[in-house]
file start.pdb (PDB, C-alpha atoms and all ligand atoms)
ATOM      1  CA  MET I 299     -15.104 286.451 -36.513
ATOM      2  CA  PRO I 300     -13.103 287.628 -39.563
ATOM      3  CA  LYS I 301     -12.443 284.719 -41.983
ATOM      4  CA  ASN I 302      -8.670 284.602 -41.399
ATOM      5  CA  LEU I 303      -9.282 284.069 -37.681
ATOM      6  CA  ASN I 304     -11.568 281.060 -38.254
ATOM      7  CA  MET I 305      -8.559 278.785 -37.824
ATOM      8  CA  PHE I 306      -8.628 279.685 -34.127
ATOM      9  CA  SER I 307     -12.302 278.796 -33.705
ATOM     10  CA  LEU I 308     -13.166 275.869 -31.432
ATOM     11  CA  GLU I 309     -16.779 275.690 -32.567
ATOM     12  CA  GLY I 310     -18.094 272.128 -32.627
ATOM     13  CA  LYS I 311     -15.252 270.942 -30.360
ATOM     14  CA  THR I 312     -15.370 269.634 -26.803
ATOM     15  CA  ALA I 313     -12.474 270.382 -24.472
ATOM     16  CA  LEU I 314     -11.763 268.613 -21.189
ATOM     17  CA  VAL I 315      -9.696 270.643 -18.725
ATOM     18  CA  THR I 316      -8.383 269.222 -15.429
ATOM     19  CA  GLY I 317      -8.133 271.478 -12.394
ATOM     20  CA  ALA I 318     -10.992 273.563 -13.751
ATOM     21  CA  ASN I 319     -12.361 275.163 -10.595
ATOM     22  CA  THR I 320      -9.787 277.936 -10.169
ATOM     23  CA  GLY I 321      -6.582 279.551 -11.441
ATOM     24  CA  LEU I 322      -5.132 278.774 -14.849
ATOM     25  CA  GLY I 323      -7.521 275.864 -15.487
ATOM     26  CA  GLN I 324     -10.483 278.134 -14.949
ATOM     27  CA  GLY I 325      -8.977 280.718 -17.320
ATOM     28  CA  ILE I 326      -8.492 278.050 -19.982
ATOM     29  CA  CYS I 327     -12.108 276.854 -19.605
ATOM     30  CA  VAL I 328     -13.408 280.398 -20.085
ATOM     31  CA  ALA I 329     -11.081 280.947 -23.067
ATOM     32  CA  TYR I 330     -12.283 277.754 -24.764
ATOM     33  CA  ALA I 331     -15.928 278.577 -24.170
ATOM     34  CA  GLY I 332     -15.290 282.031 -25.647
ATOM     35  CA  ALA I 333     -13.710 280.384 -28.703
ATOM     36  CA  GLY I 334     -16.871 278.303 -29.192
ATOM     37  CA  ALA I 335     -16.075 274.962 -27.515
ATOM     38  CA  ASN I 336     -18.191 272.965 -25.124
ATOM     39  CA  VAL I 337     -16.176 272.504 -21.968
ATOM     40  CA  ILE I 338     -15.860 269.674 -19.460
ATOM     41  CA  GLY I 339     -14.188 270.731 -16.233
ATOM     42  CA  VAL I 340     -12.605 268.115 -13.969
ATOM     43  CA  ALA I 341     -11.770 269.028 -10.386
ATOM     44  CA  ARG I 342     -11.811 267.783  -6.837
ATOM     45  CA  ARG I 343     -14.174 270.607  -5.901
ATOM     46  CA  SER I 344     -17.208 272.270  -7.457
ATOM     47  CA  CYS I 345     -16.533 274.231 -10.646
ATOM     48  CA  GLN I 346     -19.549 276.497 -10.057
ATOM     49  CA  GLU I 347     -17.456 279.685 -10.294
ATOM     50  CA  THR I 348     -16.095 278.521 -13.667
ATOM     51  CA  ALA I 349     -19.609 277.618 -14.834
ATOM     52  CA  ASP I 350     -20.822 281.093 -13.822
ATOM     53  CA  LYS I 351     -17.981 282.819 -15.694
ATOM     54  CA  ILE I 352     -18.789 280.822 -18.813
ATOM     55  CA  ALA I 353     -22.523 281.516 -18.483
ATOM     56  CA  ALA I 354     -21.685 285.243 -18.222
ATOM     57  CA  LEU I 355     -20.215 285.072 -21.747
ATOM     58  CA  GLY I 356     -23.802 284.519 -22.918
ATOM     59  CA  ILE I 357     -22.957 282.120 -25.736
ATOM     60  CA  GLU I 358     -26.085 280.388 -26.996
ATOM     61  CA  GLY I 359     -25.943 276.573 -27.011
ATOM     62  CA  GLN I 360     -22.678 276.444 -25.042
ATOM     63  CA  HIS I 361     -22.435 273.586 -22.535
ATOM     64  CA  PHE I 362     -20.291 273.310 -19.424
ATOM     65  CA  THR I 363     -20.149 269.922 -17.707
ATOM     66  CA  GLU I 364     -18.467 269.232 -14.381
ATOM     67  CA  ILE I 365     -16.791 265.987 -13.345
ATOM     68  CA  ILE I 366     -15.658 265.656  -9.736
ATOM     69  CA  ALA I 367     -12.565 263.461  -9.451
ATOM     70  CA  ASP I 368      -9.399 263.180  -7.393
ATOM     71  CA  LEU I 369      -6.738 262.801 -10.067
ATOM     72  CA  SER I 370      -4.040 261.839  -7.581
ATOM     73  CA  ASP I 371      -5.766 258.428  -7.690
ATOM     74  CA  ILE I 372      -4.977 256.701 -10.972
ATOM     75  CA  ASN I 373      -8.343 254.880 -10.798
ATOM     76  CA  ALA I 374     -10.067 258.232 -11.385
ATOM     77  CA  ILE I 375      -9.045 258.063 -15.045
ATOM     78  CA  GLN I 376     -11.666 255.456 -15.963
ATOM     79  CA  HIS I 377     -14.323 257.508 -14.149
ATOM     80  CA  VAL I 378     -13.325 260.662 -16.075
ATOM     81  CA  LEU I 379     -13.344 258.744 -19.342
ATOM     82  CA  ALA I 380     -16.784 257.245 -18.727
ATOM     83  CA  GLU I 381     -18.360 260.494 -17.487
ATOM     84  CA  SER I 382     -16.899 262.608 -20.288
ATOM     85  CA  ALA I 383     -18.179 260.139 -22.899
ATOM     86  CA  LYS I 384     -21.712 261.048 -21.805
ATOM     87  CA  ALA I 385     -21.063 264.622 -22.977
ATOM     88  CA  GLY I 386     -19.851 263.429 -26.409
ATOM     89  CA  ARG I 387     -16.454 263.053 -28.071
ATOM     90  CA  VAL I 388     -13.664 264.902 -26.311
ATOM     91  CA  ASP I 389     -11.443 266.601 -28.924
ATOM     92  CA  ILE I 390      -9.077 268.557 -26.672
ATOM     93  CA  LEU I 391      -7.466 267.456 -23.410
ATOM     94  CA  VAL I 392      -5.733 269.955 -21.133
ATOM     95  CA  ASN I 393      -3.665 268.368 -18.355
ATOM     96  CA  ASN I 394      -3.647 271.349 -16.030
ATOM     97  CA  ALA I 395      -4.285 269.982 -12.500
ATOM     98  CA  GLY I 396      -1.108 270.162 -10.483
ATOM     99  CA  ILE I 397       0.248 270.660  -6.980
ATOM    100  CA  ILE I 398       3.468 272.020  -5.539
ATOM    101  CA  LYS I 399       5.093 271.194  -2.187
ATOM    102  CA  ARG I 400       7.760 273.523  -0.831
ATOM    103  CA  CYS I 401      10.397 271.871   1.308
ATOM    104  CA  ASP I 402      14.206 271.718   1.599
ATOM    105  CA  ALA I 403      15.443 268.835  -0.555
ATOM    106  CA  ALA I 404      17.054 267.271   2.537
ATOM    107  CA  ASP I 405      13.656 266.976   4.245
ATOM    108  CA  VAL I 406      11.310 265.830   1.458
ATOM    109  CA  SER I 407       9.285 262.775   2.524
ATOM    110  CA  MET I 408       8.523 259.908   0.151
ATOM    111  CA  GLU I 409       4.818 260.487   0.735
ATOM    112  CA  ASP I 410       5.029 264.120  -0.439
ATOM    113  CA  TRP I 411       7.259 263.125  -3.346
ATOM    114  CA  ASP I 412       4.729 260.519  -4.511
ATOM    115  CA  SER I 413       1.746 262.846  -4.166
ATOM    116  CA  VAL I 414       3.347 265.431  -6.476
ATOM    117  CA  ILE I 415       4.642 262.888  -8.994
ATOM    118  CA  ASN I 416       1.348 260.968  -9.086
ATOM    119  CA  LEU I 417      -0.761 264.005  -9.982
ATOM    120  CA  ASN I 418       1.680 266.129 -11.982
ATOM    121  CA  GLU I 419       3.330 263.335 -13.950
ATOM    122  CA  LYS I 420       1.715 259.884 -13.750
ATOM    123  CA  THR I 421      -1.872 261.074 -14.262
ATOM    124  CA  VAL I 422      -0.767 263.384 -17.088
ATOM    125  CA  PHE I 423       0.671 260.408 -18.936
ATOM    126  CA  PHE I 424      -2.148 257.939 -18.308
ATOM    127  CA  LEU I 425      -4.989 260.401 -18.931
ATOM    128  CA  SER I 426      -3.318 261.320 -22.220
ATOM    129  CA  GLN I 427      -2.974 257.620 -23.034
ATOM    130  CA  ALA I 428      -6.652 256.975 -22.239
ATOM    131  CA  PHE I 429      -7.914 259.680 -24.618
ATOM    132  CA  ALA I 430      -5.317 258.976 -27.302
ATOM    133  CA  LYS I 431      -6.407 255.324 -27.449
ATOM    134  CA  ASN I 432      -9.898 256.506 -28.411
ATOM    135  CA  TRP I 433      -8.535 259.025 -30.882
ATOM    136  CA  ILE I 434      -6.271 256.477 -32.556
ATOM    137  CA  ALA I 435      -9.238 254.084 -32.798
ATOM    138  CA  ASP I 436     -11.684 256.600 -34.337
ATOM    139  CA  ASN I 437      -8.976 258.209 -36.491
ATOM    140  CA  LYS I 438     -10.294 261.734 -35.937
ATOM    141  CA  GLY I 439      -7.239 263.188 -34.198
ATOM    142  CA  GLY I 440      -7.078 265.301 -31.081
ATOM    143  CA  LYS I 441      -5.164 267.936 -29.165
ATOM    144  CA  ILE I 442      -3.335 267.457 -25.882
ATOM    145  CA  ILE I 443      -2.018 270.475 -24.021
ATOM    146  CA  ASN I 444       0.066 269.817 -20.929
ATOM    147  CA  ILE I 445       0.777 272.546 -18.413
ATOM    148  CA  ALA I 446       4.514 272.610 -17.810
ATOM    149  CA  SER I 447       6.443 275.268 -15.863
ATOM    150  CA  MET I 448       9.598 277.360 -15.742
ATOM    151  CA  LEU I 449      10.837 274.376 -13.712
ATOM    152  CA  SER I 450      10.619 272.255 -16.850
ATOM    153  CA  TYR I 451      13.750 274.249 -17.806
ATOM    154  CA  GLN I 452      15.261 275.267 -14.477
ATOM    155  CA  GLY I 453      15.992 273.659 -11.115
ATOM    156  CA  GLY I 454      13.946 275.905  -8.844
ATOM    157  CA  ILE I 455      14.495 276.324  -5.116
ATOM    158  CA  ARG I 456      12.929 274.115  -2.396
ATOM    159  CA  VAL I 457      10.501 272.394  -4.830
ATOM    160  CA  PRO I 458      12.470 269.338  -6.054
ATOM    161  CA  SER I 459       9.466 267.029  -6.574
ATOM    162  CA  TYR I 460       7.696 269.746  -8.551
ATOM    163  CA  THR I 461      10.802 270.328 -10.687
ATOM    164  CA  ALA I 462      11.085 266.590 -11.335
ATOM    165  CA  SER I 463       7.427 266.360 -12.348
ATOM    166  CA  LYS I 464       7.401 269.431 -14.576
ATOM    167  CA  SER I 465      10.667 268.447 -16.273
ATOM    168  CA  ALA I 466       8.955 265.113 -16.968
ATOM    169  CA  VAL I 467       5.936 266.917 -18.416
ATOM    170  CA  MET I 468       8.140 268.523 -21.056
ATOM    171  CA  GLY I 469       9.718 265.139 -21.840
ATOM    172  CA  ILE I 470       6.361 263.354 -21.983
ATOM    173  CA  THR I 471       5.080 266.071 -24.314
ATOM    174  CA  ARG I 472       7.901 265.371 -26.765
ATOM    175  CA  ALA I 473       7.703 261.585 -26.405
ATOM    176  CA  LEU I 474       3.950 261.446 -27.056
ATOM    177  CA  ALA I 475       4.174 263.907 -29.947
ATOM    178  CA  ASN I 476       6.734 261.653 -31.628
ATOM    179  CA  GLU I 477       4.421 258.643 -31.450
ATOM    180  CA  TRP I 478       1.068 260.295 -32.066
ATOM    181  CA  ALA I 479       1.660 263.089 -34.607
ATOM    182  CA  LYS I 480       0.993 260.540 -37.353
ATOM    183  CA  TYR I 481      -2.528 260.073 -35.960
ATOM    184  CA  ASN I 482      -3.218 263.824 -36.159
ATOM    185  CA  ILE I 483      -2.869 264.064 -32.416
ATOM    186  CA  ASN I 484      -0.967 267.205 -31.473
ATOM    187  CA  VAL I 485       0.761 267.018 -28.109
ATOM    188  CA  ASN I 486       2.181 270.317 -26.911
ATOM    189  CA  ALA I 487       2.668 272.136 -23.633
ATOM    190  CA  ILE I 488       2.423 275.606 -22.182
ATOM    191  CA  ALA I 489       5.038 276.660 -19.648
ATOM    192  CA  PRO I 490       3.502 279.463 -17.617
ATOM    193  CA  GLY I 491       5.889 281.851 -15.919
ATOM    194  CA  TYR I 492       5.107 283.166 -12.453
ATOM    195  CA  MET I 493       1.335 283.587 -12.335
ATOM    196  CA  ALA I 494      -0.823 285.020  -9.558
ATOM    197  CA  THR I 495      -2.873 281.949  -8.520
ATOM    198  CA  ASN I 496      -3.208 279.738  -5.408
ATOM    199  CA  ASN I 497      -0.138 277.821  -6.629
ATOM    200  CA  THR I 498       2.105 280.843  -5.977
ATOM    201  CA  GLN I 499       0.298 282.201  -2.885
ATOM    202  CA  ASN I 500       3.089 281.140  -0.501
ATOM    203  CA  LEU I 501       5.791 282.405  -2.835
ATOM    204  CA  ARG I 502       4.090 285.768  -3.266
ATOM    205  CA  SER I 503       3.713 286.173   0.491
ATOM    206  CA  ASP I 504       7.458 285.594   1.009
ATOM    207  CA  GLU I 505       8.583 289.191   0.505
ATOM    208  CA  GLN I 506      12.189 288.389  -0.332
ATOM    209  CA  ARG I 507      11.424 285.633  -2.875
ATOM    210  CA  SER I 508       8.594 287.685  -4.341
ATOM    211  CA  ASP I 509      10.925 290.686  -4.899
ATOM    212  CA  GLU I 510      13.644 288.434  -6.359
ATOM    213  CA  ILE I 511      11.178 286.955  -8.827
ATOM    214  CA  LEU I 512       9.467 290.181  -9.845
ATOM    215  CA  SER I 513      12.768 291.943 -10.424
ATOM    216  CA  ARG I 514      13.798 289.384 -13.069
ATOM    217  CA  ILE I 515      10.523 289.261 -15.017
ATOM    218  CA  PRO I 516      11.067 291.586 -17.992
ATOM    219  CA  ALA I 517       7.330 292.321 -18.141
ATOM    220  CA  GLY I 518       7.622 293.563 -14.547
ATOM    221  CA  ARG I 519       4.497 291.824 -13.225
ATOM    222  CA  TRP I 520       3.064 288.438 -12.258
ATOM    223  CA  GLY I 521       1.060 286.762 -15.013
ATOM    224  CA  THR I 522      -2.685 286.104 -14.810
ATOM    225  CA  PRO I 523      -4.986 283.319 -16.065
ATOM    226  CA  GLU I 524      -5.966 285.695 -18.907
ATOM    227  CA  ASP I 525      -2.344 285.772 -20.066
ATOM    228  CA  ILE I 526      -2.341 282.107 -21.107
ATOM    229  CA  MET I 527      -5.691 282.187 -22.905
ATOM    230  CA  GLY I 528      -4.222 282.963 -26.332
ATOM    231  CA  ALA I 529      -1.611 280.198 -26.193
ATOM    232  CA  ALA I 530      -4.227 277.720 -24.929
ATOM    233  CA  ILE I 531      -6.610 278.538 -27.795
ATOM    234  CA  PHE I 532      -3.805 278.394 -30.366
ATOM    235  CA  LEU I 533      -2.647 274.932 -29.256
ATOM    236  CA  ALA I 534      -6.236 273.606 -29.165
ATOM    237  CA  SER I 535      -7.195 274.950 -32.586
ATOM    238  CA  GLY I 536      -6.519 274.145 -36.219
ATOM    239  CA  ALA I 537      -3.998 277.009 -36.226
ATOM    240  CA  SER I 538      -1.481 274.662 -34.551
ATOM    241  CA  ASP I 539      -2.037 271.518 -36.646
ATOM    242  CA  TYR I 540       1.671 271.348 -37.613
ATOM    243  CA  VAL I 541       3.001 272.158 -34.126
ATOM    244  CA  ASN I 542       4.131 268.981 -32.365
ATOM    245  CA  GLY I 543       5.972 268.344 -29.125
ATOM    246  CA  PHE I 544       6.688 271.987 -28.373
ATOM    247  CA  THR I 545       6.538 273.714 -25.011
ATOM    248  CA  LEU I 546       5.449 277.324 -25.404
ATOM    249  CA  ALA I 547       6.539 279.628 -22.598
ATOM    250  CA  VAL I 548       4.105 282.338 -21.534
ATOM    251  CA  ASP I 549       6.352 283.963 -18.994
ATOM    252  CA  GLY I 550       6.641 287.726 -19.429
ATOM    253  CA  GLY I 551      10.171 287.103 -20.735
ATOM    254  CA  TRP I 552      11.508 285.131 -17.723
ATOM    255  CA  LEU I 553      13.370 282.585 -19.877
ATOM    256  CA  ALA I 554      14.807 285.287 -22.102
ATOM    257  CA  ARG I 555      16.844 286.671 -19.182
TER     258      ARG I 555
HETATM  259  P1  LIG S 601      -4.065 276.337  -8.481
HETATM  260  O1  LIG S 601      -3.504 275.741  -7.238
HETATM  261  O2  LIG S 601      -4.898 277.550  -8.395
HETATM  262  O3  LIG S 601      -4.857 275.234  -9.319
HETATM  263  C1  LIG S 601      -4.526 273.879  -9.311
HETATM  264  C2  LIG S 601      -5.695 273.105  -9.841
HETATM  265  O4  LIG S 601      -5.422 271.710  -9.747
HETATM  266  C3  LIG S 601      -6.968 273.354  -9.051
HETATM  267  O5  LIG S 601      -8.067 273.398  -9.907
HETATM  268  C4  LIG S 601      -7.044 272.127  -8.161
HETATM  269  O6  LIG S 601      -8.373 271.822  -7.765
HETATM  270  C5  LIG S 601      -6.499 271.076  -9.102
HETATM  271  N1  LIG S 601      -6.079 269.888  -8.377
HETATM  272  C6  LIG S 601      -5.123 269.814  -7.416
HETATM  273  N2  LIG S 601      -5.061 268.556  -6.954
HETATM  274  C7  LIG S 601      -5.977 267.828  -7.633
HETATM  275  C8  LIG S 601      -6.388 266.487  -7.595
HETATM  276  N3  LIG S 601      -5.844 265.597  -6.745
HETATM  277  N4  LIG S 601      -7.373 266.077  -8.438
HETATM  278  C9  LIG S 601      -7.954 266.955  -9.278
HETATM  279  N5  LIG S 601      -7.596 268.250  -9.365
HETATM  280  C10 LIG S 601      -6.628 268.685  -8.537
HETATM  281  O7  LIG S 601      -2.793 276.649  -9.355
HETATM  282  P2  LIG S 601      -2.609 277.095 -10.878
HETATM  283  O8  LIG S 601      -1.516 278.078 -10.860
HETATM  284  O9  LIG S 601      -3.883 277.452 -11.519
HETATM  285  O10 LIG S 601      -2.029 275.746 -11.454
HETATM  286  C11 LIG S 601      -2.488 275.134 -12.626
HETATM  287  C12 LIG S 601      -1.339 274.414 -13.301
HETATM  288  O11 LIG S 601      -0.389 275.376 -13.722
HETATM  289  C13 LIG S 601      -0.585 273.452 -12.382
HETATM  290  O12 LIG S 601      -0.192 272.307 -13.108
HETATM  291  C14 LIG S 601       0.628 274.262 -11.984
HETATM  292  O13 LIG S 601       1.698 273.457 -11.618
HETATM  293  C15 LIG S 601       0.886 275.003 -13.278
HETATM  294  N6  LIG S 601       1.732 276.189 -13.163
HETATM  295  C16 LIG S 601       1.375 277.251 -12.403
HETATM  296  C17 LIG S 601       2.216 278.348 -12.360
HETATM  297  C18 LIG S 601       1.911 279.558 -11.542
HETATM  298  O14 LIG S 601       2.767 280.431 -11.424
HETATM  299  N7  LIG S 601       0.737 279.700 -10.962
HETATM  300  C19 LIG S 601       3.400 278.360 -13.074
HETATM  301  C20 LIG S 601       3.736 277.262 -13.848
HETATM  302  C21 LIG S 601       2.889 276.176 -13.889
END
call {"tool": "encode", "arguments": {"input": "start.pdb", "output": "structure tokens"}}
result
Amino acid sequence: MPKNLNMFSLEGKTALVTGANTGLGQGICVAYAGAGANVIGVARRSCQETADKIAALGIEGQHFTEIIADLSDINAIQHVLAESAKAGRVDILVNNAGIIKRCDAADVSMEDWDSVINLNEKTVFFLSQAFAKNWIADNKGGKIINIASMLSYQGGIRVPSYTASKSAVMGITRALANEWAKYNINVNAIAPGYMATNNTQNLRSDEQRSDEILSRIPAGRWGTPEDIMGAAIFLASGASDYVNGFTLAVDGGWLAR
């Protein structure tokens, strides 16, 4: 790597990414491995496909470790903490796991509301807290990258619990940055635009909504997991050491409209 790009290197770092088996989380795992990090993937299901993609990069000495956990259960946090400690010090935490439930606001059940808020908001906060406690204690800093959304800025349609949770993610990102910047812990977020993953499968199969969305994306296409790799590496690396509490949109220009 040319010397002036060394600031983006993740060599010697370990990154833990939630929701690592598919979609954006998988893309972030592959990006981090490519930038030199060891990667710990947390997911409800096997991350074998992610492990294979990382192995295909052919980076000598690179490790990928999988932790199976259901992060909708707050008790999973201690399990993740204990298992990840076996792989060494975690330096980078990416809170990526998230779900969306589409339903008219008038019909949303409390059960569905809680399931979205628990995973997308409560676990994001308490997993961040768990790692930050260690980082404050060992005084070696860390990086937290939360995955926000266009619905951190906008209201959305028929996804009120998701909007509530992702608006909270942007707020939590700022709140934690304010408290932890002094410990060299950078807390930032990425707000992906409309990306072609399982999360948007239903939206993309609704022809009318799909056309409405595509027609207002200046880039004229859905994003891909590859599209957020650069932002994810930047916010995990030394290149972003003085970036705190910011949510970086990677949205093909959606918010600029
Ligand atoms: P996805 O549905 O493909 O991936 C979601 C990931 O979260 C999967 O790995 C899944 O296993 C994991 N997950 C879900 N419930 C879990 C649980 N209880 N415990 C552990 N892991 C769980 O969707 P994606 O698009 O890759 O979504 C990743 C993140 O990006 C989410 O937070 C999502 O809200 C956000 N996002 C996606 C888009 C988009 O357009 N695709 C846009 C903005 C934000």
call {"tool": "residues_near_ligand", "arguments": {"input": "start.pdb", "ligand": "ligand LIG 601 (chain S)", "cutoff": "7 Å", "atoms": "only C-alpha atoms and all ligand atoms", "output": "ChimeraX atom specification"}}
result
/I:316-323,340-343,367-370,394-398,417-418,445-448,489-498
call {"tool": "atom_distance", "arguments": {"input": "start.pdb", "atom1": "atom CA of I:Ile372", "atom2": "atom CA of I:Phe429"}}
result
14.3 Å
call {"tool": "residues_around", "arguments": {"input": "start.pdb", "residues": "I:Lys399", "least_positions_apart": "5", "cutoff": "12 Å", "atoms": "all atoms listed in the file", "output": "number ranges by chain"}}
result
I: 405-407, 409-415, 418, 455-463, 497-498, 500-501
call {"tool": "resolve_selection", "arguments": {"input": "start.pdb", "expression": "the PyMOL selection byres (((chain I and resi 555) around 10) and not hetatm)", "output": "count of residues only"}}
result
7
call {"tool": "closest_residue", "arguments": {"input": "start.pdb", "among": "I:Ala466, I:Val392, I:Ala435, I:Val548", "to": "I:Val485", "atoms": "only C-alpha atoms"}}
result
I:Val392
call {"tool": "resolve_selection", "arguments": {"input": "start.pdb", "expression": "the PyMOL selection byres (((chain I and resi 358) around 12) and not hetatm)", "output": "list in words"}}
result
Glu309, Ala331, Gly332, Gly334, Ala335, Asn336, Ile352, Ala353, Ala354, Leu355, Gly356, Ile357, Gly359, Gln360, His361 and Phe362 of chain I
call {"tool": "residues_around", "arguments": {"input": "start.pdb", "residues": "I:Asp389", "least_positions_apart": "2", "cutoff": "6 Å", "atoms": "all atoms listed in the file", "output": "VMD selection string"}}
result
chain I and resid 311 to 313 440
call {"tool": "resolve_selection", "arguments": {"input": "start.pdb", "expression": "the PyMOL selection byres (((chain I and resi 531) around 9) and not hetatm)", "output": "PyMOL selection string"}}
result
chain I and resi 306-308+326+329-330+333+526-530+532-535+537
call {"tool": "residues_around", "arguments": {"input": "start.pdb", "residues": "I:Leu379", "least_positions_apart": "3", "cutoff": "8 Å", "atoms": "all atoms listed in the file", "output": "NGL selection string"}}
result
:I and (375-376 or 382-383 or 428-429)
call {"tool": "residues_around", "arguments": {"input": "start.pdb", "residues": "I:Lys480", "least_positions_apart": "6", "cutoff": "12 Å", "atoms": "only C-alpha atoms", "output": "mmCIF file with C-alpha atoms, keeping the file's coordinate frame"}}
result
data_model
loop_
_atom_site.group_PDB
_atom_site.id
_atom_site.type_symbol
_atom_site.label_atom_id
_atom_site.label_comp_id
_atom_site.auth_asym_id
_atom_site.auth_seq_id
_atom_site.Cartn_x
_atom_site.Cartn_y
_atom_site.Cartn_z
ATOM 1 C CA ALA I 430 -5.317 258.976 -27.302
ATOM 2 C CA TRP I 433 -8.535 259.025 -30.882
ATOM 3 C CA ILE I 434 -6.271 256.477 -32.556
ATOM 4 C CA ASN I 437 -8.976 258.209 -36.491
ATOM 5 C CA LYS I 438 -10.294 261.734 -35.937
ATOM 6 C CA GLY I 439 -7.239 263.188 -34.198
ATOM 7 C CA GLY I 440 -7.078 265.301 -31.081
ATOM 8 C CA LEU I 474 3.950 261.446 -27.056
ATOM 9 C CA ASP I 539 -2.037 271.518 -36.646
ATOM 10 C CA TYR I 540 1.671 271.348 -37.613
ATOM 11 C CA ASN I 542 4.131 268.981 -32.365
#
call {"tool": "atom_distance", "arguments": {"input": "start.pdb", "atom1": "atom CA of I:Asp436", "atom2": "atom CA of I:Ala479"}}
result
14.8 Å
call {"tool": "decode", "arguments": {"input": "start.pdb", "residues": "stretch 503-550 of chain I", "atoms": "C-alpha atoms", "output": "short mmCIF file (atom, residue, chain, number, x, y, z; two decimals), in the first residue's frame"}}
result
data_model
loop_
_atom_site.label_atom_id
_atom_site.label_comp_id
_atom_site.auth_asym_id
_atom_site.auth_seq_id
_atom_site.Cartn_x
_atom_site.Cartn_y
_atom_site.Cartn_z
CA SER I 503 -40.66 -6.51 -5.29
CA ASP I 504 -43.35 -3.82 -4.88
CA GLU I 505 -43.16 -2.40 -8.39
CA GLN I 506 -44.72 0.96 -7.57
CA ARG I 507 -42.58 1.66 -4.47
CA SER I 508 -39.49 0.36 -6.23
CA ASP I 509 -40.04 2.75 -9.19
CA GLU I 510 -40.76 5.67 -6.82
CA ILE I 511 -37.52 5.03 -4.96
CA LEU I 512 -35.29 4.44 -7.97
CA SER I 513 -36.55 7.56 -9.71
CA ARG I 514 -35.37 9.78 -6.84
CA ILE I 515 -31.90 8.27 -6.37
CA PRO I 516 -29.55 10.60 -8.27
CA ALA I 517 -27.14 7.71 -8.89
CA GLY I 518 -30.03 5.92 -10.62
CA ARG I 519 -29.46 2.51 -9.01
CA TRP I 520 -29.81 0.58 -5.75
CA GLY I 521 -26.65 0.47 -3.67
CA THR I 522 -24.68 -2.71 -2.95
CA PRO I 523 -22.68 -4.01 0.04
CA GLU I 524 -19.53 -2.99 -1.90
CA ASP I 525 -20.73 0.62 -1.91
CA ILE I 526 -20.36 1.01 1.87
CA MET I 527 -16.94 -0.64 2.12
CA GLY I 528 -14.97 2.61 1.79
CA ALA I 529 -16.97 4.46 4.44
CA ALA I 530 -16.75 1.45 6.78
CA ILE I 531 -12.96 1.26 6.43
CA PHE I 532 -12.57 5.02 6.86
CA LEU I 533 -14.58 5.10 10.10
CA ALA I 534 -12.70 2.06 11.49
CA SER I 535 -9.24 3.37 10.65
CA GLY I 536 -6.84 6.00 11.94
CA ALA I 537 -7.96 8.22 9.04
CA SER I 538 -11.07 9.12 11.07
CA ASP I 539 -9.47 9.71 14.49
CA TYR I 540 -10.90 13.26 14.70
CA VAL I 541 -14.37 12.34 13.38
CA ASN I 542 -16.84 12.02 16.26
CA GLY I 543 -20.59 11.57 16.40
CA PHE I 544 -21.15 11.94 12.67
CA THR I 545 -23.53 9.95 10.50
CA LEU I 546 -22.12 9.52 7.01
CA ALA I 547 -24.71 8.90 4.31
CA VAL I 548 -23.79 6.48 1.54
CA ASP I 549 -26.94 6.91 -0.47
CA GLY I 550 -26.29 7.63 -4.15
#
